[in-house]
Amino acid sequence: MELSKIKNIIIIILLIVNIIFLALFLIGRIETSRLEKKTKEDLVRILDLHGISLDMSAIRESGDLGSYEVLRDSESERAMAEAVLGKCEVKDLGGNIYQYLSPLGEGIFRGNGEFSISLASGIPLSDSSVKGLSSYLNKMNVDVDLKSAETEYSGANLSSVRFTAMFEDTPIFNCRITMSLTDSKLMSIYGRRLTSAPSPASSEPMIGVYTALISFLNSVKEANLICNEINAVTPGYSFSASVSGSGRLVQYWCVTTDVGKYYVNGLTGEMSSFTD
């Protein structure tokens, strides 16, 4: 047999094999899409049977979020305080609580991430808008979700803004930071922050959104909670830390309803509520 004919036969065989693999891939995609659609329909029907409406567009899909370990970083903590207060004197108050003092005011930082910075006479801000305050926090190496901003006004003037902190564009539901102002002067910043840059930690995979919503439904019924509508479902984190400063970021699903927000642990499926 001529060499050219052998080559043609091999090419035809490879082409047939590729067509088979492509067909199997497309069949798999079709079956996956069909199963996904069926799962969504079943979930909506189950929730509806219990008097809870859900529009699937309210669910924010995401990849599998990982768990992270966090250790207290005194250098980044001092840098954060001095970004507001200028050069500071540091005092150890005991109990892993540190005080940062300067002529402008003081900062108190705890091992569990809680902190407060108070300014004696306030700092004039060139941009006291919500976006400007978010940028101010960014300069302190604190990322926040601009859309999460909750504002209060004193007359026509902005008096406080509360943000939700972020890690890698993902909200940390129980890390909330408030900035207080008087006459466009920054007077204080307080709340909870990550105590350092997180490092990946081993953990089991995050439960899927459908599993999380079934766990949410079970918890709602067990606790006899009133809920008529789910408005949003968002993946994110919860930050827990001990007094020593060692902590962890754990995956959570935030379920926003017509009566409030509930949080489903992304590993155990247990429901929690975080104090604002």
# chains A, B, ... in the order shown; residues from 1 in each chain; ligands from 1
>>> residues_around(residues="Tyr98 in chain A", least_positions_apart="3", cutoff="7 Å", atoms="only C-alpha atoms", output="list in words")
Val90, Lys91, Asp92, Leu93, Ile108, Phe109 and Arg110 of chain A
>>> write_last_selection(atoms="N, CA and C atoms", output="mmCIF file, in the first residue's frame")
data_model
loop_
_atom_site.group_PDB
_atom_site.id
_atom_site.type_symbol
_atom_site.label_atom_id
_atom_site.label_comp_id
_atom_site.auth_asym_id
_atom_site.auth_seq_id
_atom_site.Cartn_x
_atom_site.Cartn_y
_atom_site.Cartn_z
ATOM 1 N N VAL A 90 3.220 53.525 69.860
ATOM 2 C CA VAL A 90 2.449 52.301 70.085
ATOM 3 C C VAL A 90 2.545 51.893 71.549
ATOM 4 N N LYS A 91 1.384 51.560 72.131
ATOM 5 C CA LYS A 91 1.330 51.078 73.508
ATOM 6 C C LYS A 91 0.602 49.742 73.560
ATOM 7 N N ASP A 92 1.164 48.810 74.294
ATOM 8 C CA ASP A 92 0.536 47.504 74.518
ATOM 9 C C ASP A 92 -0.385 47.635 75.731
ATOM 10 N N LEU A 93 -1.685 47.515 75.519
ATOM 11 C CA LEU A 93 -2.654 47.661 76.608
ATOM 12 C C LEU A 93 -2.964 46.340 77.284
ATOM 13 N N ILE A 108 -7.314 52.066 68.362
ATOM 14 C CA ILE A 108 -7.317 50.880 69.211
ATOM 15 C C ILE A 108 -7.551 49.673 68.311
ATOM 16 N N PHE A 109 -6.623 48.707 68.353
ATOM 17 C CA PHE A 109 -6.710 47.519 67.503
ATOM 18 C C PHE A 109 -6.669 46.267 68.362
ATOM 19 N N ARG A 110 -7.621 45.364 68.146
ATOM 20 C CA ARG A 110 -7.715 44.117 68.894
ATOM 21 C C ARG A 110 -7.331 42.931 68.021
#
>>> select_by_dssp(residues="range 113-265 of chain A", states="strand (DSSP E)", output="count of residues only")
87
>>> closest_residue(among="A:Leu186, A:Val255, A:Ala120, A:Asp127", to="Val220 in chain A", atoms="only C-alpha atoms")
A:Val255
>>> atom_distance(atom1="CA of Gly245 in chain A", atom2="CA of Gly86 in chain A")
24.0 Å
>>> residues_around(residues="Val44 in chain A", least_positions_apart="5", cutoff="12 Å", atoms="only C-alpha atoms", output="ChimeraX atom specification")
/A:37-39,49-59,210,213-214,217,229-230
>>> closest_residue(among="A:Ser67, A:Ser126, A:Ser215, A:Thr268", to="Lys185 in chain A", atoms="only C-alpha atoms")
A:Ser126
